[in-house]
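To start, the structure itself, in structure tokens.
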Amino acid sequence: MAKTRVEKDSMGQMDVPVEAYYGAQTERARRNFQVSPLRFPRSFIRALGLIKKAAAQVNMDLRLLPAELGERIVLAAQAVADGLHDDQFVVDIFQTGSGTSTNMNANEVIAGVANEFFNSGVRGGKSPVHPNDAVNMGQSSNDVIPTAIHIAALEAIEKHLSPALTHLHERLEAKARAFDDVVKIGRTHLQDAVPIRLGQEFSGYAAQVYQGLLRLNRSRESLVELAIGGTAVGTGINTHAEFPKRMAAKLSQDTGLSFRPAANTFEAMANRDAAVEVSSILKTVAISLSNIANNIRWLASGPRCGIGEIQIPELQPGSSIMPAKVNPVIPEAVMMVTAQVVGNDATIAWSNALGSNFDLNVMMPVLAYNLLQSIDLLANAAEHLADKCVDAEKFLAGSSVVGVVRIEADVEGCRDQIERSLAMCTALAPRIGYDNASAIAKKAYHDKVNVREIALSLVGKTAEEVEAALGGSASAETLKKKGNYPTVQEIEAMLDPRGQTIRGTGVAGSGGG
């Protein structure tokens with residue numbers, strides 16, 4: 001059996017592993033909550049360490065905490081922030097809704113590390129550094145956990161997600177420039193539409209990512225406000241009047257971010273509206289990435305019987321039964337990430353809606369876990385899409401490469417599809433009228449030829465002859481009002497695919513679809 005030592009809390013004695021830095025409250029919580037293997041991520045534990053470090057420094061500055069104890073707390077808390085004691089954070093995410101068990105886990109670990117110094121290498125205990133009286137001085141789980149959520153989330157956004165999205169945006173913009181001369185068929189409702197340049201489509205993807213970055217930037221204001229100093233219910237009981245402001249300054253210094261005390265600690269502790277707001281933005285970013293990944297997947301479908309307008313890097317065999325099959329694995333992975341983020345958003349929303357009762361939210365651990373997971377997953381997904389799909393040259397360096405190393409266009413295939421599209425008739429509509437253009441498209445479809453062939457075959461005919469040749473909705477009267485049927489040169493100019501992708505092409509007319 002593993003060796004244990006005896007620790008005490010307000011409910012009595014507990015046997016704690018002798019090598020553990022934590023004490024009775026953590027061990028009691030570890031035994032109480034065995035719901036899942038989920039634990040708080042590194043980013044959250046780092047935030048807890050930084051909070052405890054800053055609190056010790058502030059309390060020493062305020063002459064509330066003896067320097068000989070405070071300095072050891074600072075060192076121990078920094079070690080927690082640096083990840084040196086992650087194995088000591090053993091409490092399940094599904095625990096007390098305030099996160100008190102995890103706050104006490106941090107308090108006990110930091111006290112245990114400090115006391116090891118004072119007690120000749122013996123871990124744990126409450127003397128001379130007490131986990132509540134010293135490490136948790138001027139704090140409550142009720143303001144520490146909300147503060148840790150904001151710090152961890154903002155750090156993760158600023159240092160991981162925003163750079164990853166910026167990188168993806170740059171990669172997509174580069175593709176937009178590279179594909180600017182590639183004209184292809186547009187698609188609406190999964191049906192053929194008017195021509196568009198592949199570069200224009202990719203510029204739309206790049207803009208989606210950029211808009212996501214702008215939305216994230218706007219969310220910063222909600223995360224920079226910290227609940228710390230509100231203690232139990234927002235009143236600030238048992239803390240110094242200067243504690244909140246000094247804590248925000250210390251935490252800003254340690255993270256390089258600009259935090260400030262919450263304008264209203266009652267609001268900051270009673271609900272997690274800021275987390276819901278940020279999560280909704282993360283969901284929006286996720287849906288944008290899903291749309292981009294799915295479009296890339298469709299555009300690369302084939303290789304013989306799909307759309308096949310682009311090729312993407314081939315990373316691995318795709319089937320256990322179909323030889324030589326290769327699948328769009330990175331876009332698929334990104335789409336699964338986005339589905340997870342949408343699910344996380346639902347959890348976060350309900351954690352706030354159901355858990356915010358009176359003066360405290362009591363579903364903070366699962367809310368924090370899902371929020372931080374969403375940030376981390378989206379950052380990783382953006383990096384994967386940028387570096388293993390949009391441009392995988394660096395990733396594939398040194399490998400035996402089959403196919404392309406970055407997204408490439410099938411220029412000839414795109415050109416062929418344009419000529420086959422019945423939507424080419426759209427460019428004729430301002431000159432010959434909507435009904436006549438529609439009749440040309442219908443005849444081309446019926447005769448199994450392209451729009452250009454039918455349009456050119458009518459050159460030189462009178463308005464009545466055009467109406468008779470086309471039938472259906474064709475109108476000689478409309479054609480006469482438009483100046484009779486156009487010349488070969490006019491038709492070729494109107495049906496120029498690239499010209500149709502430039503704003504200002506054509507006159508009059510309206511519609512959508």
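Residue numbers start at 1 in each chain; chains themselves are named A, B, ... in the order of the structure tokens; ligands are numbered from 1 in the order shown.
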Within 10 Å of Ser421 in chain A using only C-alpha atoms, minus same-chain residues under 3 positions, as JSON, numbers by chain: {"A": [185, 186, 191, 192, 193, 194, 195, 416, 417, 418, 424, 425, 441, 444, 445, 449, 450, 451, 452]}
Backbone DSSP call of strand (DSSP E) for range 350-381 of chain A, listed as number ranges by chain: A: 356-357, 360-361
Residue with smallest distance to Ala114 in chain A - pool A:Ala153, A:Gly403, A:Thr147, A:Glu68, counting only C-alpha atoms: A:Glu68
Test item, alpha helix (DSSP H) assignment across range 210-336 of chain A, answer as a PyMOL selection string: chain A and resi 210-223+243-255+265-270+273-299+329-336
Shell of 10 Å around Arg42 in chain A, only C-alpha atoms, local chain residues under 6 positions omitted, as a list in words: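 Those residues are Leu48, Val80, Ala81, Asp82, Gly83, Asp86, Ala152 and Leu372 of chain A.
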Output N, CA, C and O atoms for every residue in that selection, as a PDB file, in the first residue's frame.
ATOM      1  N   LEU A  48      -4.342  30.345 -11.603  1.00  0.00           N
ATOM      2  CA  LEU A  48      -4.439  30.209 -10.141  1.00  0.00           C
ATOM      3  C   LEU A  48      -3.111  30.535  -9.477  1.00  0.00           C
ATOM      4  O   LEU A  48      -3.065  31.244  -8.454  1.00  0.00           O
ATOM      5  N   VAL A  80       3.808  26.775  -9.229  1.00  0.00           N
ATOM      6  CA  VAL A  80       2.510  26.286  -9.710  1.00  0.00           C
ATOM      7  C   VAL A  80       2.187  26.916 -11.056  1.00  0.00           C
ATOM      8  O   VAL A  80       1.767  26.244 -11.998  1.00  0.00           O
ATOM      9  N   ALA A  81       2.384  28.219 -11.173  1.00  0.00           N
ATOM     10  CA  ALA A  81       2.113  28.908 -12.433  1.00  0.00           C
ATOM     11  C   ALA A  81       2.968  28.370 -13.568  1.00  0.00           C
ATOM     12  O   ALA A  81       2.518  28.295 -14.719  1.00  0.00           O
ATOM     13  N   ASP A  82       4.193  27.949 -13.243  1.00  0.00           N
ATOM     14  CA  ASP A  82       5.128  27.447 -14.251  1.00  0.00           C
ATOM     15  C   ASP A  82       4.895  25.986 -14.604  1.00  0.00           C
ATOM     16  O   ASP A  82       5.597  25.435 -15.463  1.00  0.00           O
ATOM     17  N   GLY A  83       3.945  25.328 -13.933  1.00  0.00           N
ATOM     18  CA  GLY A  83       3.621  23.949 -14.271  1.00  0.00           C
ATOM     19  C   GLY A  83       4.430  22.891 -13.561  1.00  0.00           C
ATOM     20  O   GLY A  83       4.399  21.718 -13.948  1.00  0.00           O
ATOM     21  N   ASP A  86       1.716  20.381 -11.594  1.00  0.00           N
ATOM     22  CA  ASP A  86       0.431  20.068 -12.213  1.00  0.00           C
ATOM     23  C   ASP A  86      -0.132  18.732 -11.749  1.00  0.00           C
ATOM     24  O   ASP A  86      -1.352  18.549 -11.684  1.00  0.00           O
ATOM     25  N   ALA A 152      -7.135  33.198 -17.577  1.00  0.00           N
ATOM     26  CA  ALA A 152      -6.781  32.069 -18.436  1.00  0.00           C
ATOM     27  C   ALA A 152      -7.356  32.249 -19.838  1.00  0.00           C
ATOM     28  O   ALA A 152      -6.677  31.981 -20.842  1.00  0.00           O
ATOM     29  N   LEU A 372     -12.179  27.214 -22.005  1.00  0.00           N
ATOM     30  CA  LEU A 372     -10.754  27.108 -22.309  1.00  0.00           C
ATOM     31  C   LEU A 372     -10.490  26.041 -23.361  1.00  0.00           C
ATOM     32  O   LEU A 372      -9.595  26.190 -24.202  1.00  0.00           O
TER      33      LEU A 372
END
With a cut-off of 12 Å, could you pull out the residues of range 134-196 of chain A touching range 240-257 of chain A and give me the nearest pair of atoms for each, distance in Å to one decimal, using only C-alpha atoms, ordered by chain and ascending number, as a tab-separated table?
residue	atom	partner	partner_atom	distance
A:Met137	CA	A:His240	CA	10.0
A:Gly138	CA	A:His240	CA	7.0
A:Gln139	CA	A:Phe243	CA	9.5
A:Asp143	CA	A:Pro244	CA	10.5
A:Val144	CA	A:Met247	CA	11.2
A:Thr147	CA	A:Ala248	CA	9.9
A:Ala148	CA	A:Leu251	CA	10.6
A:His150	CA	A:Leu257	CA	11.3
A:Ile151	CA	A:Thr255	CA	8.5
A:Ala152	CA	A:Thr255	CA	10.0
A:Ala153	CA	A:Leu257	CA	11.7
A:Leu154	CA	A:Leu257	CA	8.3
A:Glu155	CA	A:Thr255	CA	7.5
A:Ala156	CA	A:Thr255	CA	11.0
A:Ile157	CA	A:Leu257	CA	11.3
A:Glu158	CA	A:Leu257	CA	8.8
A:Lys159	CA	A:Thr255	CA	10.3
Nearest to Leu360 in chain A, chosen from A:Leu223, A:Ala286, A:Ile310, A:Ile145, with only C-alpha atoms counted in the distances: A:Ile145
Spatial neighbours of Ala76 in chain A, max dist 12 Å, only C-alpha atoms, sep filter under 6 positions, as number ranges by chain: A: 21, 48-54, 56, 69-70, 82-85, 106-117, 129, 135
Output C-alpha atoms for every residue in the selection just made, as a short mmCIF file (atom, residue, chain, number, x, y, z; two decimals), in the first residue's frame.
data_model
loop_
_atom_site.label_atom_id
_atom_site.label_comp_id
_atom_site.auth_asym_id
_atom_site.auth_seq_id
_atom_site.Cartn_x
_atom_site.Cartn_y
_atom_site.Cartn_z
CA TYR A 21 1.75 18.52 -1.36
CA LEU A 48 -4.44 30.21 -10.14
CA GLY A 49 -0.71 30.31 -9.46
CA LEU A 50 -0.45 33.88 -10.68
CA ILE A 51 -3.40 34.95 -8.50
CA LYS A 52 -1.90 33.39 -5.37
CA LYS A 53 1.48 34.91 -6.14
CA ALA A 54 -0.01 38.37 -6.65
CA ALA A 56 0.95 37.23 -1.40
CA LEU A 69 6.02 33.57 4.82
CA GLY A 70 4.96 35.69 1.87
CA ASP A 82 5.13 27.45 -14.25
CA GLY A 83 3.62 23.95 -14.27
CA LEU A 84 6.00 22.30 -11.81
CA HIS A 85 3.18 20.85 -9.71
CA ALA A 106 -4.14 25.40 -5.02
CA ASN A 107 -4.00 26.80 -1.49
CA GLU A 108 -2.90 23.48 -0.01
CA VAL A 109 -0.32 22.72 -2.69
CA ILE A 110 1.26 26.17 -2.35
CA ALA A 111 1.22 25.94 1.44
CA GLY A 112 2.66 22.41 1.23
CA VAL A 113 5.52 23.50 -1.00
CA ALA A 114 6.28 26.47 1.27
CA ASN A 115 6.10 24.37 4.43
CA GLU A 116 8.48 21.80 2.95
CA PHE A 117 11.10 24.54 3.05
CA VAL A 129 2.12 28.68 6.11
CA VAL A 135 -2.24 31.62 0.93
#
Spatial neighbours of Glu477 in chain A, 12 Å, only C-alpha atoms, chain gap at least 5 places, as a PyMOL selection string: chain A and resi 432-433+435-436+462-467+482-485
Selection near Ser10 in chain A, 12 Å with only C-alpha atoms, sequence-local residues under 4 positions removed, as a list in words: Met14, Gly23, Ala24, Gln25, Arg28 and Asn132 of chain A
Go ahead and write the residues just picked, all heavy atoms, as a JSON list (two decimals), in the first residue's frame.
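The result, written out as selection-v4.json:
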[["chain", "number", "residue", "atom", "x", "y", "z"],
["A", 14, "MET", "N", -7.89, 13.10, 7.63],
["A", 14, "MET", "CA", -7.87, 12.41, 6.34],
["A", 14, "MET", "C", -6.49, 11.83, 6.11],
["A", 14, "MET", "O", -5.47, 12.47, 6.43],
["A", 14, "MET", "CB", -8.18, 13.38, 5.19],
["A", 14, "MET", "CG", -9.63, 13.82, 5.10],
["A", 14, "MET", "SD", -10.75, 12.48, 4.63],
["A", 14, "MET", "CE", -10.24, 12.16, 2.95],
["A", 23, "GLY", "N", -3.51, 18.78, 0.96],
["A", 23, "GLY", "CA", -3.91, 18.34, 2.29],
["A", 23, "GLY", "C", -5.28, 17.69, 2.33],
["A", 23, "GLY", "O", -5.77, 17.14, 1.34],
["A", 24, "ALA", "N", -5.95, 17.83, 3.48],
["A", 24, "ALA", "CA", -7.18, 17.09, 3.75],
["A", 24, "ALA", "C", -8.33, 17.51, 2.83],
["A", 24, "ALA", "O", -9.10, 16.67, 2.36],
["A", 24, "ALA", "CB", -7.59, 17.29, 5.21],
["A", 25, "GLN", "N", -8.49, 18.83, 2.59],
["A", 25, "GLN", "CA", -9.62, 19.26, 1.78],
["A", 25, "GLN", "C", -9.52, 18.77, 0.34],
["A", 25, "GLN", "O", -10.52, 18.35, -0.26],
["A", 25, "GLN", "CB", -9.75, 20.79, 1.82],
["A", 25, "GLN", "CG", -10.22, 21.32, 3.17],
["A", 25, "GLN", "CD", -10.83, 22.71, 3.05],
["A", 25, "GLN", "OE1", -11.66, 22.96, 2.19],
["A", 25, "GLN", "NE2", -10.41, 23.60, 3.94],
["A", 28, "ARG", "N", -10.22, 15.00, 0.37],
["A", 28, "ARG", "CA", -11.64, 14.75, 0.57],
["A", 28, "ARG", "C", -12.41, 14.99, -0.75],
["A", 28, "ARG", "O", -13.28, 14.20, -1.13],
["A", 28, "ARG", "CB", -12.18, 15.67, 1.67],
["A", 28, "ARG", "CG", -13.50, 15.19, 2.28],
["A", 28, "ARG", "CD", -13.96, 16.15, 3.37],
["A", 28, "ARG", "NE", -13.03, 16.22, 4.50],
["A", 28, "ARG", "CZ", -12.98, 15.30, 5.49],
["A", 28, "ARG", "NH1", -13.78, 14.27, 5.47],
["A", 28, "ARG", "NH2", -12.12, 15.45, 6.48],
["A", 132, "ASN", "N", -5.39, 28.60, 4.27],
["A", 132, "ASN", "CA", -6.47, 29.58, 4.29],
["A", 132, "ASN", "C", -5.99, 30.94, 4.80],
["A", 132, "ASN", "O", -6.19, 31.98, 4.15],
["A", 132, "ASN", "CB", -7.64, 29.11, 5.15],
["A", 132, "ASN", "CG", -8.27, 27.84, 4.62],
["A", 132, "ASN", "OD1", -7.75, 26.75, 4.85],
["A", 132, "ASN", "ND2", -9.39, 27.97, 3.92]]
Nearest to Gly413 in chain A, chosen from A:Val16, A:Leu367, A:Leu299, A:Val90, with only C-alpha atoms counted in the distances: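 Distance minimum relative to Gly413 in chain A lands on A:Leu299.
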Which residue of A:Ile407, A:Trp298, A:Glu225, A:Val91 approaches Ile45 in chain A most closely, using only C-alpha atoms: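 Selected residue with least distance to Ile45 in chain A: A:Val91.
CA of Ser356 in chain A is positioned 5.1 Å from CA of Asn271 in chain A.
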